[in-house]
>>> print(open('coords01.pdb').read())   # PDB, C-alpha atoms
ATOM      1  CA  MET A 188      -1.168 -10.344  20.108
ATOM      2  CA  LYS A 189       0.403  -8.805  23.158
ATOM      3  CA  LEU A 190       0.062  -5.093  23.745
ATOM      4  CA  GLN A 191       3.800  -4.455  23.455
ATOM      5  CA  VAL A 192       3.920  -6.207  20.069
ATOM      6  CA  ILE A 193       1.009  -4.089  18.824
ATOM      7  CA  LYS A 194       2.650  -0.879  20.068
ATOM      8  CA  THR A 195       5.950  -1.808  18.432
ATOM      9  CA  GLU A 196       4.230  -2.437  15.111
ATOM     10  CA  VAL A 197       2.309   0.847  15.307
ATOM     11  CA  PHE A 198       5.493   2.764  16.130
ATOM     12  CA  LYS A 199       7.306   1.094  13.244
ATOM     13  CA  ARG A 200       4.561   1.900  10.741
ATOM     14  CA  VAL A 201       4.349   5.538  11.836
ATOM     15  CA  GLY A 202       8.118   5.923  12.201
ATOM     16  CA  VAL A 203       8.238   6.966  15.856
ATOM     17  CA  ALA A 204       9.737   5.439  18.989
ATOM     18  CA  GLU A 205       7.255   6.247  21.737
ATOM     19  CA  THR A 206       3.664   7.154  22.535
ATOM     20  CA  THR A 207       4.307  10.888  22.999
ATOM     21  CA  ALA A 208       5.892  11.067  19.554
ATOM     22  CA  LEU A 209       2.932   9.152  18.122
ATOM     23  CA  LYS A 210       0.534  11.666  19.675
ATOM     24  CA  ARG A 211       2.567  14.550  18.271
ATOM     25  CA  GLU A 212       3.057  13.081  14.765
ATOM     26  CA  ARG A 213      -0.348  11.468  14.227
ATOM     27  CA  PRO A 214      -3.028  13.146  16.363
ATOM     28  CA  ASP A 215      -5.577  11.818  13.860
ATOM     29  CA  LEU A 216      -4.857   8.334  15.214
ATOM     30  CA  THR A 217      -4.602   9.137  18.916
ATOM     31  CA  GLN A 218      -7.042  11.955  19.643
ATOM     32  CA  GLY A 219      -9.863  10.844  21.912
ATOM     33  CA  ARG A 220      -8.306   7.444  22.565
ATOM     34  CA  ASP A 221      -7.295   5.991  25.922
ATOM     35  CA  LEU A 222      -3.882   4.581  25.019
ATOM     36  CA  ARG A 223      -3.771   2.552  28.219
ATOM     37  CA  ARG A 224      -6.206   0.112  26.608
ATOM     38  CA  LYS A 225      -5.250  -2.682  24.251
ATOM     39  CA  ALA A 226      -8.461  -2.261  22.259
ATOM     40  CA  GLN A 227      -7.459   1.296  21.380
ATOM     41  CA  TRP A 228      -4.045   0.162  20.150
ATOM     42  CA  LEU A 229      -5.662  -2.593  18.103
ATOM     43  CA  SER A 230      -7.927   0.001  16.533
ATOM     44  CA  ILE A 231      -4.931   2.181  15.584
ATOM     45  CA  TYR A 232      -3.067  -0.861  14.272
ATOM     46  CA  SER A 233      -6.067  -1.824  12.150
ATOM     47  CA  LEU A 234      -6.211   1.660  10.621
ATOM     48  CA  LEU A 235      -2.498   1.587   9.819
ATOM     49  CA  ARG A 236      -2.596  -1.915   8.426
ATOM     50  CA  ASP A 237      -5.166  -0.827   5.855
ATOM     51  CA  ASP A 238      -3.309   2.425   5.124
ATOM     52  CA  LEU A 239      -1.065   2.241   2.040
ATOM     53  CA  THR A 240       2.050   4.349   2.012
ATOM     54  CA  LEU A 241       3.527   6.004  -1.038
ATOM     55  CA  ASN A 242       6.351   3.447  -0.974
ATOM     56  CA  ASP A 243       3.762   0.655  -1.035
ATOM     57  CA  LEU A 244       2.124   2.196  -4.091
ATOM     58  CA  VAL A 245       5.446   2.630  -5.916
ATOM     59  CA  ARG A 246       6.431  -0.966  -5.114
ATOM     60  CA  GLU A 247       3.070  -2.270  -6.312
ATOM     61  CA  GLU A 248       3.379  -0.237  -9.513
ATOM     62  CA  GLN A 249       6.813  -1.736 -10.184
ATOM     63  CA  GLU A 250       5.518  -5.237  -9.496
ATOM     64  CA  LEU A 251       2.627  -4.692 -11.881
ATOM     65  CA  LYS A 252       4.930  -3.517 -14.648
ATOM     66  CA  GLN A 253       7.226  -6.509 -14.078
ATOM     67  CA  SER A 254       4.192  -8.788 -14.266
ATOM     68  CA  LEU A 255       3.245  -7.271 -17.598
ATOM     69  CA  HIS A 256       6.708  -7.994 -18.950
ATOM     70  CA  ARG A 257       6.450 -11.598 -17.739
ATOM     71  CA  ILE A 258       3.110 -11.907 -19.529
ATOM     72  CA  GLU A 259       4.741 -10.426 -22.616
ATOM     73  CA  ARG A 260       7.419 -13.114 -22.591
ATOM     74  CA  LEU A 261       4.910 -15.912 -21.973
ATOM     75  CA  ALA A 262       2.450 -14.713 -24.586
ATOM     76  CA  GLY A 263       5.156 -13.826 -27.094
ATOM     77  CA  THR A 264       3.963 -10.276 -27.595
ATOM     78  CA  ALA A 265       6.131  -7.304 -28.435
ATOM     79  CA  VAL A 266       7.576  -4.921 -25.860
ATOM     80  CA  VAL A 267       5.755  -2.116 -27.651
ATOM     81  CA  ALA A 268       2.439  -3.796 -26.868
ATOM     82  CA  VAL A 269       3.383  -4.130 -23.204
ATOM     83  CA  GLU A 270       4.330  -0.466 -23.046
ATOM     84  CA  LYS A 271       0.977   0.379 -24.650
ATOM     85  CA  ALA A 272      -0.778  -1.755 -22.046
ATOM     86  CA  TRP A 273       1.200   0.026 -19.327
ATOM     87  CA  GLN A 274      -0.018   3.372 -20.664
ATOM     88  CA  ILE A 275      -3.575   2.036 -20.587
ATOM     89  CA  ILE A 276      -3.089   1.057 -16.945
ATOM     90  CA  GLN A 277      -1.709   4.480 -16.083
ATOM     91  CA  TRP A 278      -4.649   6.181 -17.763
ATOM     92  CA  SER A 279      -7.206   3.840 -16.254
ATOM     93  CA  THR A 280      -5.987   4.527 -12.720
ATOM     94  CA  GLN A 281      -7.303   8.024 -13.217
ATOM     95  CA  THR A 282     -10.714   6.763 -14.351
ATOM     96  CA  ASP A 283     -10.933   3.699 -12.052
ATOM     97  CA  ASP A 284     -11.589   1.451 -15.052
ATOM     98  CA  LEU A 285      -9.129  -1.261 -16.066
ATOM     99  CA  ASP A 286      -9.709  -3.937 -18.682
ATOM    100  CA  ILE A 287      -6.736  -5.424 -20.551
ATOM    101  CA  THR A 288      -6.998  -8.581 -22.594
ATOM    102  CA  LEU A 289      -4.361 -10.630 -24.391
ATOM    103  CA  ALA A 290      -5.700  -9.133 -27.618
ATOM    104  CA  ASP A 291      -4.588  -5.721 -26.332
ATOM    105  CA  LEU A 292      -1.064  -7.087 -25.928
ATOM    106  CA  ARG A 293      -0.807  -8.429 -29.474
ATOM    107  CA  LEU A 294       0.453  -6.333 -32.352
TER     108      LEU A 294
END
>>> encode(input="coords01.pdb", output="structure tokens")
Amino acid sequence: MKLQVIKTEVFKRVGVAETTALKRERPDLTQGRDLRRKAQWLSIYSLLRDDLTLNDLVREEQELKQSLHRIERLAGTAVVAVEKAWQIIQWSTQTDDLDITLADLRL
């Protein structure tokens, strides 16, 4: 990747238009880095690529719920069971433990 492409992607992910704004908005990414070097920009890009935003989490949550409803239609389970499974997922995100089987989706 060319340096300008990397910079553009970093700016887009942070929501700024230039390096000075990046330094001001996200000193955690720029402090101690020589931003004249491509390797430094690649390092910042790598950090941002792995960084999930709140919008990403909301979108993934919606996709997961839609997937559960698709499973419900395919497996022929009741909407109530899917909603129960969704509550299990919500609870399990707090405990980092998720285990849902088709038996959990059946009434």
>>> residues_around(input="coords01.pdb", residues="range 191-194 of chain A", least_positions_apart="5", cutoff="8 Å", atoms="all atoms listed in the file", output="CSV table (one decimal) with C-alpha atoms, in the frame of the given file")
chain,number,residue,atom,x,y,z
A,228,TRP,CA,-4.0,0.2,20.2
A,229,LEU,CA,-5.7,-2.6,18.1
A,232,TYR,CA,-3.1,-0.9,14.3
>>> resolve_selection(input="coords01.pdb", expression="the PyMOL selection byres ((chain A and resi 206) around 12)", output="JSON, numbers by chain")
{"A": [191, 194, 195, 197, 198, 199, 201, 202, 203, 204, 205, 207, 208, 209, 210, 211, 212, 213, 214, 216, 217, 220, 221, 222, 223, 228]}
>>> write_last_selection(input="coords01.pdb", atoms="C-alpha atoms", output="mmCIF file, keeping the file's coordinate frame")
data_model
loop_
_atom_site.group_PDB
_atom_site.id
_atom_site.type_symbol
_atom_site.label_atom_id
_atom_site.label_comp_id
_atom_site.auth_asym_id
_atom_site.auth_seq_id
_atom_site.Cartn_x
_atom_site.Cartn_y
_atom_site.Cartn_z
ATOM 1 C CA GLN A 191 3.800 -4.455 23.455
ATOM 2 C CA LYS A 194 2.650 -0.879 20.068
ATOM 3 C CA THR A 195 5.950 -1.808 18.432
ATOM 4 C CA VAL A 197 2.309 0.847 15.307
ATOM 5 C CA PHE A 198 5.493 2.764 16.130
ATOM 6 C CA LYS A 199 7.306 1.094 13.244
ATOM 7 C CA VAL A 201 4.349 5.538 11.836
ATOM 8 C CA GLY A 202 8.118 5.923 12.201
ATOM 9 C CA VAL A 203 8.238 6.966 15.856
ATOM 10 C CA ALA A 204 9.737 5.439 18.989
ATOM 11 C CA GLU A 205 7.255 6.247 21.737
ATOM 12 C CA THR A 207 4.307 10.888 22.999
ATOM 13 C CA ALA A 208 5.892 11.067 19.554
ATOM 14 C CA LEU A 209 2.932 9.152 18.122
ATOM 15 C CA LYS A 210 0.534 11.666 19.675
ATOM 16 C CA ARG A 211 2.567 14.550 18.271
ATOM 17 C CA GLU A 212 3.057 13.081 14.765
ATOM 18 C CA ARG A 213 -0.348 11.468 14.227
ATOM 19 C CA PRO A 214 -3.028 13.146 16.363
ATOM 20 C CA LEU A 216 -4.857 8.334 15.214
ATOM 21 C CA THR A 217 -4.602 9.137 18.916
ATOM 22 C CA ARG A 220 -8.306 7.444 22.565
ATOM 23 C CA ASP A 221 -7.295 5.991 25.922
ATOM 24 C CA LEU A 222 -3.882 4.581 25.019
ATOM 25 C CA ARG A 223 -3.771 2.552 28.219
ATOM 26 C CA TRP A 228 -4.045 0.162 20.150
#
>>> atom_distance(input="coords01.pdb", atom1="CA of Gln218 in chain A", atom2="CA of Lys189 in chain A")
22.3 Å
>>> atom_distance(input="coords01.pdb", atom1="CA of Arg200 in chain A", atom2="CA of Ser279 in chain A")
29.5 Å
>>> atom_distance(input="coords01.pdb", atom1="CA of Arg257 in chain A", atom2="CA of Asp237 in chain A")
28.4 Å
>>> build_atoms(input="coords01.pdb", residues="range 244-258 of chain A", atoms="N, CA and C atoms", output="PDB file, in the frame of the given file")
ATOM      1  N   LEU A 244       2.693   1.973  -2.766  1.00  0.00           N
ATOM      2  CA  LEU A 244       2.124   2.196  -4.091  1.00  0.00           C
ATOM      3  C   LEU A 244       3.183   2.110  -5.182  1.00  0.00           C
ATOM      4  N   VAL A 245       4.360   2.684  -4.933  1.00  0.00           N
ATOM      5  CA  VAL A 245       5.446   2.630  -5.916  1.00  0.00           C
ATOM      6  C   VAL A 245       5.884   1.189  -6.123  1.00  0.00           C
ATOM      7  N   ARG A 246       6.019   0.438  -5.024  1.00  0.00           N
ATOM      8  CA  ARG A 246       6.431  -0.966  -5.114  1.00  0.00           C
ATOM      9  C   ARG A 246       5.395  -1.776  -5.891  1.00  0.00           C
ATOM     10  N   GLU A 247       4.119  -1.541  -5.603  1.00  0.00           N
ATOM     11  CA  GLU A 247       3.070  -2.270  -6.312  1.00  0.00           C
ATOM     12  C   GLU A 247       3.053  -1.910  -7.797  1.00  0.00           C
ATOM     13  N   GLU A 248       3.321  -0.654  -8.105  1.00  0.00           N
ATOM     14  CA  GLU A 248       3.379  -0.237  -9.513  1.00  0.00           C
ATOM     15  C   GLU A 248       4.522  -0.948 -10.236  1.00  0.00           C
ATOM     16  N   GLN A 249       5.670  -1.040  -9.587  1.00  0.00           N
ATOM     17  CA  GLN A 249       6.813  -1.736 -10.184  1.00  0.00           C
ATOM     18  C   GLN A 249       6.508  -3.213 -10.371  1.00  0.00           C
ATOM     19  N   GLU A 250       5.875  -3.823  -9.388  1.00  0.00           N
ATOM     20  CA  GLU A 250       5.518  -5.237  -9.496  1.00  0.00           C
ATOM     21  C   GLU A 250       4.532  -5.469 -10.632  1.00  0.00           C
ATOM     22  N   LEU A 251       3.591  -4.568 -10.797  1.00  0.00           N
ATOM     23  CA  LEU A 251       2.627  -4.692 -11.881  1.00  0.00           C
ATOM     24  C   LEU A 251       3.308  -4.604 -13.236  1.00  0.00           C
ATOM     25  N   LYS A 252       4.226  -3.664 -13.377  1.00  0.00           N
ATOM     26  CA  LYS A 252       4.930  -3.517 -14.648  1.00  0.00           C
ATOM     27  C   LYS A 252       5.790  -4.760 -14.928  1.00  0.00           C
ATOM     28  N   GLN A 253       6.439  -5.294 -13.904  1.00  0.00           N
ATOM     29  CA  GLN A 253       7.226  -6.509 -14.078  1.00  0.00           C
ATOM     30  C   GLN A 253       6.323  -7.674 -14.483  1.00  0.00           C
ATOM     31  N   SER A 254       5.139  -7.736 -13.905  1.00  0.00           N
ATOM     32  CA  SER A 254       4.192  -8.788 -14.266  1.00  0.00           C
ATOM     33  C   SER A 254       3.784  -8.678 -15.723  1.00  0.00           C
ATOM     34  N   LEU A 255       3.587  -7.458 -16.187  1.00  0.00           N
ATOM     35  CA  LEU A 255       3.245  -7.271 -17.598  1.00  0.00           C
ATOM     36  C   LEU A 255       4.359  -7.765 -18.507  1.00  0.00           C
ATOM     37  N   HIS A 256       5.597  -7.523 -18.133  1.00  0.00           N
ATOM     38  CA  HIS A 256       6.708  -7.994 -18.950  1.00  0.00           C
ATOM     39  C   HIS A 256       6.814  -9.519 -18.920  1.00  0.00           C
ATOM     40  N   ARG A 257       6.474 -10.134 -17.794  1.00  0.00           N
ATOM     41  CA  ARG A 257       6.450 -11.598 -17.739  1.00  0.00           C
ATOM     42  C   ARG A 257       5.358 -12.141 -18.663  1.00  0.00           C
ATOM     43  N   ILE A 258       4.202 -11.502 -18.640  1.00  0.00           N
ATOM     44  CA  ILE A 258       3.110 -11.907 -19.529  1.00  0.00           C
ATOM     45  C   ILE A 258       3.550 -11.760 -20.977  1.00  0.00           C
TER      46      ILE A 258
END
